[in-house]
$ cat upload39.cif   # mmCIF, C-alpha atoms and all ligand atoms
data_data
loop_
_atom_site.label_atom_id
_atom_site.label_comp_id
_atom_site.auth_asym_id
_atom_site.auth_seq_id
_atom_site.Cartn_x
_atom_site.Cartn_y
_atom_site.Cartn_z
CA MET A 1 83.24 33.46 93.59
CA LYS A 2 85.93 34.66 91.23
CA SER A 3 84.92 35.72 87.74
CA SER A 4 86.97 37.46 85.18
CA LEU A 5 86.46 39.27 81.93
CA ILE A 6 88.89 38.48 79.19
CA CYS A 7 88.86 41.10 76.47
CA VAL A 8 90.02 39.72 73.17
CA ALA A 9 91.08 42.23 70.55
CA GLY A 10 88.58 42.43 67.74
CA THR A 11 86.15 39.98 69.30
CA GLU A 12 83.40 39.95 71.91
CA GLU A 13 84.17 39.68 75.59
CA ILE A 14 84.46 36.29 77.21
CA ILE A 15 83.24 36.01 80.77
CA THR A 16 84.82 33.24 82.80
CA VAL A 17 83.23 31.94 85.99
CA ASN A 18 85.46 29.53 87.90
CA VAL A 19 83.99 26.60 89.77
CA ASP A 20 86.52 26.08 92.55
CA LEU A 21 86.69 22.40 93.45
CA GLY A 22 90.41 21.81 93.99
CA CYS A 23 91.75 19.41 91.38
CA ARG A 24 88.26 19.21 89.84
CA SER A 25 87.96 22.97 89.30
CA TYR A 26 86.82 24.15 85.89
CA PRO A 27 85.89 27.27 83.98
CA VAL A 28 82.49 28.27 82.62
CA TYR A 29 83.09 30.40 79.53
CA VAL A 30 80.23 32.73 78.60
CA GLY A 31 80.03 34.88 75.49
CA SER A 32 78.51 35.24 72.07
CA GLY A 33 80.10 33.26 69.25
CA LEU A 34 82.20 31.02 71.51
CA LEU A 35 81.61 28.04 69.24
CA ASN A 36 83.91 29.91 66.87
CA ARG A 37 86.68 29.92 69.48
CA PRO A 38 88.16 26.39 69.22
CA GLU A 39 91.10 27.25 71.48
CA LEU A 40 88.70 27.42 74.45
CA LEU A 41 87.66 23.81 73.95
CA SER A 42 90.94 22.32 72.79
CA ARG A 43 92.69 22.96 76.09
CA HIS A 44 90.10 20.75 77.85
CA VAL A 45 89.91 17.90 75.36
CA HIS A 46 92.00 14.88 76.30
CA GLY A 47 93.12 12.06 74.06
CA LYS A 48 92.41 11.71 70.37
CA GLN A 49 88.84 10.47 70.50
CA ALA A 50 85.67 12.42 71.22
CA LEU A 51 82.00 11.44 71.34
CA VAL A 52 79.51 14.24 70.79
CA VAL A 53 76.06 13.59 72.28
CA THR A 54 73.16 15.69 71.07
CA ASN A 55 69.55 15.27 69.92
CA THR A 56 67.48 15.42 66.75
CA THR A 57 66.48 19.09 67.26
CA ILE A 58 69.92 20.39 68.15
CA ALA A 59 71.96 18.39 65.62
CA PRO A 60 70.84 20.37 62.53
CA LEU A 61 71.46 23.64 64.38
CA PHE A 62 74.81 23.18 66.11
CA LEU A 63 76.40 19.79 65.49
CA ASP A 64 78.60 20.88 62.57
CA LYS A 65 79.77 23.95 64.48
CA ALA A 66 80.57 21.89 67.56
CA ILE A 67 82.48 19.31 65.52
CA LYS A 68 84.45 22.05 63.78
CA ALA A 69 85.25 23.69 67.10
CA LEU A 70 86.46 20.38 68.51
CA GLN A 71 88.52 19.33 65.49
CA GLN A 72 90.02 22.62 64.39
CA GLU A 73 92.90 22.53 66.85
CA ASN A 74 92.97 18.73 67.21
CA THR A 75 93.19 17.69 63.57
CA GLU A 76 94.08 14.09 64.42
CA MET A 77 91.05 13.60 66.58
CA THR A 78 88.51 10.96 65.62
CA LEU A 79 85.00 12.03 66.39
CA GLU A 80 81.76 10.07 66.70
CA THR A 81 78.27 11.39 67.31
CA VAL A 82 75.17 10.08 69.03
CA ILE A 83 71.89 11.78 68.08
CA LEU A 84 69.25 10.96 70.68
CA PRO A 85 65.52 11.47 70.31
CA ASP A 86 64.40 14.80 71.77
CA GLY A 87 62.47 14.99 75.00
CA GLU A 88 62.44 14.57 78.77
CA GLN A 89 60.78 11.17 78.27
CA PHE A 90 64.05 9.96 76.69
CA LYS A 91 66.14 10.89 79.71
CA ASN A 92 66.41 7.22 80.59
CA MET A 93 68.72 4.22 80.64
CA GLU A 94 67.98 3.39 77.01
CA SER A 95 69.57 6.68 75.95
CA VAL A 96 72.58 6.08 78.21
CA ILE A 97 73.02 2.66 76.60
CA LYS A 98 72.94 4.27 73.14
CA VAL A 99 75.87 6.43 74.26
CA PHE A 100 77.77 3.42 75.63
CA ASP A 101 77.11 1.45 72.43
CA ALA A 102 78.45 4.24 70.24
CA ALA A 103 81.55 4.63 72.41
CA ILE A 104 82.25 0.89 72.46
CA GLU A 105 81.63 0.45 68.72
CA ALA A 106 84.06 3.31 68.02
CA GLY A 107 86.65 1.72 70.32
CA MET A 108 86.81 4.74 72.62
CA ASP A 109 89.47 4.32 75.31
CA ARG A 110 89.76 5.80 78.80
CA ARG A 111 91.32 8.98 77.47
CA CYS A 112 88.38 9.89 75.28
CA THR A 113 86.17 12.95 75.80
CA PHE A 114 82.37 12.96 75.89
CA VAL A 115 80.84 16.27 74.80
CA ALA A 116 77.22 17.20 75.51
CA VAL A 117 75.74 19.64 72.98
CA GLY A 118 72.21 20.52 74.04
CA GLY A 119 69.91 21.39 76.89
CA GLY A 120 69.67 19.91 80.35
CA VAL A 121 68.35 16.58 79.12
CA VAL A 122 71.31 15.92 76.81
CA GLY A 123 73.74 17.26 79.43
CA ASP A 124 72.37 15.03 82.18
CA ILE A 125 72.40 11.90 79.99
CA CYS A 126 75.84 12.53 78.51
CA GLY A 127 77.34 13.44 81.89
CA TYR A 128 75.98 10.30 83.50
CA ALA A 129 77.32 8.17 80.65
CA ALA A 130 80.72 9.91 80.98
CA SER A 131 80.74 9.24 84.72
CA SER A 132 80.56 5.48 84.22
CA TYR A 133 82.06 4.72 80.80
CA MET A 134 85.43 3.08 81.57
CA ARG A 135 84.80 4.20 85.19
CA GLY A 136 84.75 7.83 84.17
CA VAL A 137 86.02 9.72 81.13
CA ASN A 138 86.67 13.35 80.31
CA PHE A 139 83.46 15.37 79.89
CA ILE A 140 82.62 18.78 78.40
CA GLN A 141 79.31 20.65 78.46
CA ILE A 142 78.14 22.90 75.61
CA PRO A 143 74.72 23.97 76.91
CA THR A 144 72.27 25.41 74.35
CA THR A 145 69.17 26.27 76.40
CA PHE A 146 68.92 29.10 78.90
CA MET A 147 68.04 26.50 81.55
CA SER A 148 71.24 24.58 80.94
CA GLN A 149 73.31 27.77 80.65
CA VAL A 150 72.17 29.26 83.96
CA ASP A 151 71.92 26.01 85.87
CA SER A 152 72.16 22.42 84.73
CA SER A 153 75.56 22.45 83.02
CA VAL A 154 77.28 23.70 86.19
CA GLY A 155 77.77 21.75 89.41
CA GLY A 156 78.19 18.21 88.15
CA LYS A 157 74.75 16.73 88.74
CA THR A 158 74.12 14.16 86.04
CA GLY A 159 71.52 11.46 85.72
CA ILE A 160 68.33 10.04 84.33
CA ASN A 161 64.69 9.68 85.32
CA TYR A 162 63.26 6.45 86.61
CA ARG A 163 59.65 5.42 86.24
CA VAL A 164 58.80 6.44 89.81
CA GLY A 165 60.62 9.74 89.88
CA LYS A 166 62.87 12.33 88.29
CA ASN A 167 66.65 12.16 88.41
CA LEU A 168 66.58 9.10 90.68
CA ILE A 169 69.63 7.49 89.07
CA GLY A 170 72.75 9.55 88.61
CA ALA A 171 76.15 10.72 89.73
CA ILE A 172 77.92 13.89 90.71
CA TYR A 173 80.49 14.18 87.96
CA GLN A 174 82.11 17.47 87.07
CA PRO A 175 82.84 18.55 83.50
CA LYS A 176 86.29 19.76 82.48
CA CYS A 177 84.76 22.96 81.15
CA VAL A 178 81.42 24.50 80.24
CA LEU A 179 81.25 26.53 77.05
CA VAL A 180 78.22 28.82 76.79
CA ASP A 181 77.75 30.36 73.36
CA THR A 182 74.87 32.76 73.94
CA ASN A 183 74.20 32.88 70.18
CA THR A 184 72.64 29.41 70.49
CA LEU A 185 69.71 31.07 72.27
CA ASN A 186 68.68 32.78 69.01
CA TYR A 187 66.95 29.54 68.03
CA LEU A 188 65.36 28.74 71.39
CA PRO A 189 61.54 28.87 71.58
CA ASN A 190 60.12 31.55 73.91
CA ARG A 191 58.54 28.99 76.20
CA GLU A 192 61.92 27.28 76.73
CA LEU A 193 63.58 30.63 77.44
CA ALA A 194 60.96 31.45 80.07
CA SER A 195 61.44 28.01 81.61
CA GLY A 196 65.16 28.74 82.06
CA ILE A 197 64.45 32.16 83.55
CA ALA A 198 62.63 30.36 86.38
CA GLU A 199 65.93 28.77 87.50
CA ALA A 200 67.67 32.16 87.33
CA ILE A 201 64.92 33.59 89.54
CA LYS A 202 65.49 30.71 91.95
CA CYS A 203 69.19 31.68 92.19
CA GLY A 204 68.21 35.23 93.10
CA LEU A 205 65.66 34.05 95.63
CA VAL A 206 68.00 31.71 97.48
CA LYS A 207 71.17 33.75 97.58
CA ASP A 208 71.12 37.25 96.21
CA GLY A 209 68.26 39.70 96.75
CA LYS A 210 69.95 42.31 94.56
CA TYR A 211 70.12 39.86 91.69
CA PHE A 212 66.46 39.02 92.25
CA GLU A 213 65.64 42.73 92.00
CA TRP A 214 67.76 42.99 88.88
CA LEU A 215 65.78 40.10 87.38
CA GLU A 216 62.51 41.85 88.24
CA ASN A 217 63.72 45.02 86.52
CA ASN A 218 65.20 43.26 83.51
CA ILE A 219 62.71 40.52 82.82
CA GLN A 220 61.56 42.15 79.58
CA ALA A 221 65.15 42.53 78.40
CA LEU A 222 65.72 38.83 79.09
CA LEU A 223 62.55 37.82 77.28
CA ALA A 224 63.65 40.02 74.36
CA ARG A 225 67.05 38.23 74.45
CA ASP A 226 69.01 41.39 75.02
CA PRO A 227 72.59 40.03 74.77
CA ILE A 228 73.94 42.07 77.69
CA ALA A 229 71.09 41.08 80.01
CA ILE A 230 71.33 37.44 78.92
CA ALA A 231 75.10 37.30 79.49
CA TYR A 232 74.79 38.95 82.91
CA ALA A 233 72.03 36.56 84.03
CA ILE A 234 74.08 33.54 82.98
CA LYS A 235 77.18 34.89 84.69
CA ARG A 236 75.45 35.78 87.97
CA SER A 237 73.43 32.55 88.11
CA CYS A 238 76.56 30.48 87.46
CA GLU A 239 78.50 32.44 90.10
CA ILE A 240 75.79 31.79 92.68
CA LYS A 241 75.56 28.11 91.81
CA ALA A 242 79.35 27.74 91.71
CA GLY A 243 79.65 29.40 95.13
CA ILE A 244 77.21 26.98 96.70
CA VAL A 245 78.61 23.91 94.92
CA THR A 246 82.10 24.85 96.11
CA LEU A 247 80.83 24.66 99.70
CA ASP A 248 78.94 21.41 99.32
CA GLU A 249 79.68 19.55 96.11
CA LYS A 250 77.96 16.29 97.11
CA GLU A 251 74.82 17.92 98.53
CA ASN A 252 75.30 16.89 102.12
CA GLY A 253 73.80 20.16 103.30
CA ILE A 254 73.66 23.67 101.91
CA ARG A 255 73.54 22.64 98.23
CA ALA A 256 69.98 21.45 98.82
CA ILE A 257 68.99 25.13 98.78
CA LEU A 258 69.37 24.98 95.00
CA ASN A 259 66.43 22.55 95.03
CA PHE A 260 64.19 25.37 96.27
CA GLY A 261 60.69 24.72 94.86
CA HIS A 262 61.89 21.43 93.33
CA THR A 263 60.24 18.96 95.72
CA PHE A 264 56.83 20.28 94.76
CA GLY A 265 58.02 20.96 91.20
CA HIS A 266 59.25 17.38 90.63
CA ALA A 267 56.01 15.98 92.05
CA ILE A 268 54.02 18.18 89.66
CA GLU A 269 56.31 17.34 86.72
CA THR A 270 56.09 13.59 87.37
CA SER A 271 52.34 13.61 87.82
CA CYS A 272 51.82 15.63 84.61
CA GLY A 273 53.91 13.08 82.68
CA TYR A 274 57.48 13.89 81.59
CA GLY A 275 57.62 16.51 78.88
CA ASN A 276 54.14 17.96 79.34
CA LEU A 277 55.21 20.65 81.75
CA LEU A 278 58.71 22.06 81.20
CA HIS A 279 61.15 21.66 84.07
CA GLY A 280 61.39 25.40 84.75
CA GLU A 281 57.61 25.73 84.61
CA ALA A 282 57.23 23.01 87.23
CA VAL A 283 59.90 24.67 89.39
CA ALA A 284 58.14 28.04 89.04
CA VAL A 285 54.87 26.50 90.20
CA GLY A 286 56.77 24.72 93.00
CA MET A 287 58.35 27.99 94.20
CA SER A 288 54.99 29.81 94.09
CA PHE A 289 53.54 26.96 96.05
CA VAL A 290 56.18 27.37 98.79
CA PHE A 291 55.16 31.03 99.16
CA TRP A 292 51.48 30.10 99.16
CA VAL A 293 52.07 27.60 101.98
CA GLU A 294 54.06 30.29 103.88
CA VAL A 295 51.13 32.69 103.67
CA VAL A 296 48.58 30.07 104.70
CA LEU A 297 50.72 29.12 107.71
CA LEU A 298 51.06 32.75 108.73
CA ILE A 299 47.29 32.92 108.90
CA VAL A 300 46.74 29.46 110.41
CA PRO A 301 50.02 28.44 112.09
CA ASP A 302 48.77 25.09 113.40
CA LEU A 303 47.61 23.79 110.06
CA THR A 304 49.35 20.70 108.65
CA ILE A 305 49.36 20.72 104.86
CA PHE A 306 49.84 17.54 102.84
CA ILE A 307 50.46 17.54 99.10
CA THR A 308 49.67 14.38 97.19
CA ALA A 309 50.99 13.74 93.69
CA THR A 310 51.50 10.43 91.88
CA GLY A 311 50.75 8.54 95.07
CA ASP A 312 53.46 10.31 97.11
CA THR A 313 52.46 12.51 99.99
CA ILE A 314 54.64 15.43 100.97
CA GLU A 315 54.17 17.19 104.28
CA ALA A 316 54.46 20.82 103.21
CA ASN A 317 55.25 22.11 106.71
CA GLU A 318 58.38 19.96 106.98
CA GLU A 319 59.53 21.00 103.53
CA LEU A 320 59.06 24.60 104.45
CA GLN A 321 60.96 24.35 107.73
CA GLU A 322 63.91 22.63 106.05
CA GLY A 323 63.85 25.26 103.31
CA GLU A 324 63.86 28.12 105.79
CA GLU A 325 66.86 26.66 107.66
CA LEU A 326 68.76 26.26 104.42
CA LEU A 327 67.89 29.79 103.31
CA GLU A 328 69.25 31.14 106.56
CA ARG A 329 72.48 29.22 106.09
CA ALA A 330 72.74 30.22 102.44
CA ASN A 331 72.58 33.84 103.41
CA LEU A 332 75.59 33.56 105.69
CA GLU A 333 78.77 34.77 104.13
CA GLU A 334 80.10 31.95 101.93
CA GLY A 335 83.32 31.78 103.97
CA GLU A 336 81.41 31.27 107.22
CA GLU A 337 79.47 28.28 106.04
CA GLN A 338 80.46 24.99 107.67
CA VAL A 339 79.26 21.98 105.76
N1 LIG B 1 71.94 18.61 86.33
C1 LIG B 1 71.38 19.65 86.92
O1 LIG B 1 71.94 20.27 87.83
C2 LIG B 1 70.04 20.12 86.44
C3 LIG B 1 69.54 21.37 86.84
C4 LIG B 1 68.35 21.82 86.31
C5 LIG B 1 67.66 21.02 85.40
N2 LIG B 1 68.16 19.81 85.06
C6 LIG B 1 67.48 18.97 84.08
O2 LIG B 1 67.50 19.65 82.83
C7 LIG B 1 66.37 19.23 82.08
C8 LIG B 1 65.70 20.45 81.51
O3 LIG B 1 66.62 21.11 80.71
P1 LIG B 1 66.16 22.04 79.50
O4 LIG B 1 65.15 22.97 80.00
O5 LIG B 1 67.38 22.53 78.86
O6 LIG B 1 65.36 21.02 78.55
P2 LIG B 1 65.76 20.21 77.24
O7 LIG B 1 67.12 19.70 77.32
O8 LIG B 1 64.67 19.23 77.02
O9 LIG B 1 65.69 21.31 76.08
C9 LIG B 1 64.48 21.94 75.82
C10 LIG B 1 64.10 21.86 74.33
O10 LIG B 1 64.85 22.82 73.61
C11 LIG B 1 65.52 22.19 72.51
N3 LIG B 1 66.73 22.98 72.31
C12 LIG B 1 67.88 22.94 73.02
N4 LIG B 1 68.69 23.94 72.66
C13 LIG B 1 68.04 24.62 71.68
C14 LIG B 1 68.35 25.77 70.92
N5 LIG B 1 69.47 26.46 71.13
N6 LIG B 1 67.48 26.18 69.99
C15 LIG B 1 66.28 25.52 69.79
N7 LIG B 1 65.92 24.45 70.52
C16 LIG B 1 66.79 24.00 71.46
C17 LIG B 1 65.71 20.79 72.98
O11 LIG B 1 65.92 19.92 71.89
C18 LIG B 1 64.39 20.53 73.67
O12 LIG B 1 63.38 20.27 72.73
C19 LIG B 1 65.48 18.44 83.01
O13 LIG B 1 65.67 17.07 82.74
C20 LIG B 1 66.03 18.77 84.37
O14 LIG B 1 65.82 17.73 85.29
C21 LIG B 1 69.33 19.36 85.54
#

$ encode --input "upload39.cif" --output "structure tokens" --more "lines below"
Ligand SMILES: NC(=O)c1ccc[n+]([C@@H]2O[C@H](COP(=O)([O-])OP(=O)(O)OC[C@H]3O[C@@H](n4cnc5c(N)ncnc54)[C@H](O)[C@@H]3O)[C@@H](O)[C@H]2O)c1
Amino acid sequence: MKSSLICVAGTEEIITVNVDLGCRSYPVYVGSGLLNRPELLSRHVHGKQALVVTNTTIAPLFLDKAIKALQQENTEMTLETVILPDGEQFKNMESVIKVFDAAIEAGMDRRCTFVAVGGGVVGDICGYAASSYMRGVNFIQIPTTFMSQVDSSVGGKTGINYRVGKNLIGAIYQPKCVLVDTNTLNYLPNRELASGIAEAIKCGLVKDGKYFEWLENNIQALLARDPIAIAYAIKRSCEIKAGIVTLDEKENGIRAILNFGHTFGHAIETSCGYGNLLHGEAVAVGMSFVFWVEVVLLIVPDLTIFITATGDTIEANEELQEGEELLERANLEEGEEQV
């Protein structure tokens, strides 16, 4: 996966990770203060209308900055905002309809741009709305949680929860760019930061043992928000995800490895009620559970383990076998992988 460092005189470095998907390729820009770099956004904004989607927590922190960044080099642009209620429990069709309503009321045409400013919840809702408004409009991600910076803003998965399960309704719809301003993390609660670190750990576990070791050695630096450690973790996680998504954008095979720990994690998250356990926390428990099952099966190989949550029963052995096959494939050289 190609990444580059652009050194800009008098300013911080900008790391660019490219997601190579032919005509749908896009850059992930990573750096501190990137919301003050309007030229990065302006090259990806189409048309003269933009709809910024955010939530009640993020709006007072970053909405003005995002609007300024969008309008500075597009002075004729008309801009509308949708401020959703905050929380996983609002990742639903009602929120998507709020986005559609705002776009329709503002007379947004097919050349408009939807911009998600927020964590994974806002990004997933806004992306899904962008995928279907006027059969698909331009979409930009400005992720503001560590979770969304290392994972959810990259790869094009968008969607909402349904009453019987997480992320059941959605689309694969790629953004035109992802702009990660690491300064946004200065406001993020510690628990949310730790939740995002779980997805970074997952990236190391599935694809890059050296990165996993680096995470082990630098976990305190990450928790202390050391800017160099944070930027590196975002870069490496995005590179790993981009590499896998490039091989299997629509998740017909190898991309499922990125769901490592998620089958159990989603079951736990759903049964705890959306919002009670953070997504990364549920994934962390799910990953630990995979290892626990591994150990149990080493001791008692013939055991069949069933997990029951919210009425669904998962056969752990099957999950594990599928996971092991995917891990093996993921550890082939990227170029060798046949999807
Ligand atoms: N699309 C994907 O590929 C993908 C991947 C992983 C997770 N997800 C989804 O992402 C969601 C979880 O994302 P998340 O962990 O970002 O949760 P989130 O979007 O709910 O954000 C967490 C909390 O932090 C607040 N917040 C956001 N940025 C902030 C900041 N800079 N400072 C202070 N507070 C801030 C939010 O308002 C919210 O209260 C789940 O719905 C999960 O299913 C999607």

$ axis_aligned_box --input "upload39.cif" --around "segment 46-64 of chain A" --padding-each-side "3 Å" --output "AutoDock Vina command-line options"
--center_x 79.8 --center_y 17.1 --center_z 69.4 --size_x 32.6 --size_y 19.2 --size_z 19.8

$ residues_around --input "upload39.cif" --residues "segment 147-157 of chain A" --least-positions-apart "5" --cutoff "8 Å" --atoms "all atoms listed in the file" --output "ChimeraX atom specification"
/A:19,28,119-120,123-124,127,141-142,170-175,178,180,192-193,195-197,199-200,233-235,237-238,241-242,245,249,280

$ closest_residue --input "upload39.cif" --among "A:Asn190, A:Thr246, A:Asn74, A:Thr113" --to "ligand LIG 1 (chain B)" --atoms "only C-alpha atoms and all ligand atoms"
A:Asn190

$ atom_distance --input "upload39.cif" --atom1 "atom C3 of ligand LIG 1 (chain B)" --atom2 "atom CA of Thr304 of chain A"
29.7 Å

$ residues_around --input "upload39.cif" --residues "Val99 of chain A" --least-positions-apart "2" --cutoff "8 Å" --atoms "all atoms listed in the file" --output "VMD selection string"
chain A and resid 53 82 95 to 97 101 to 103 126 129
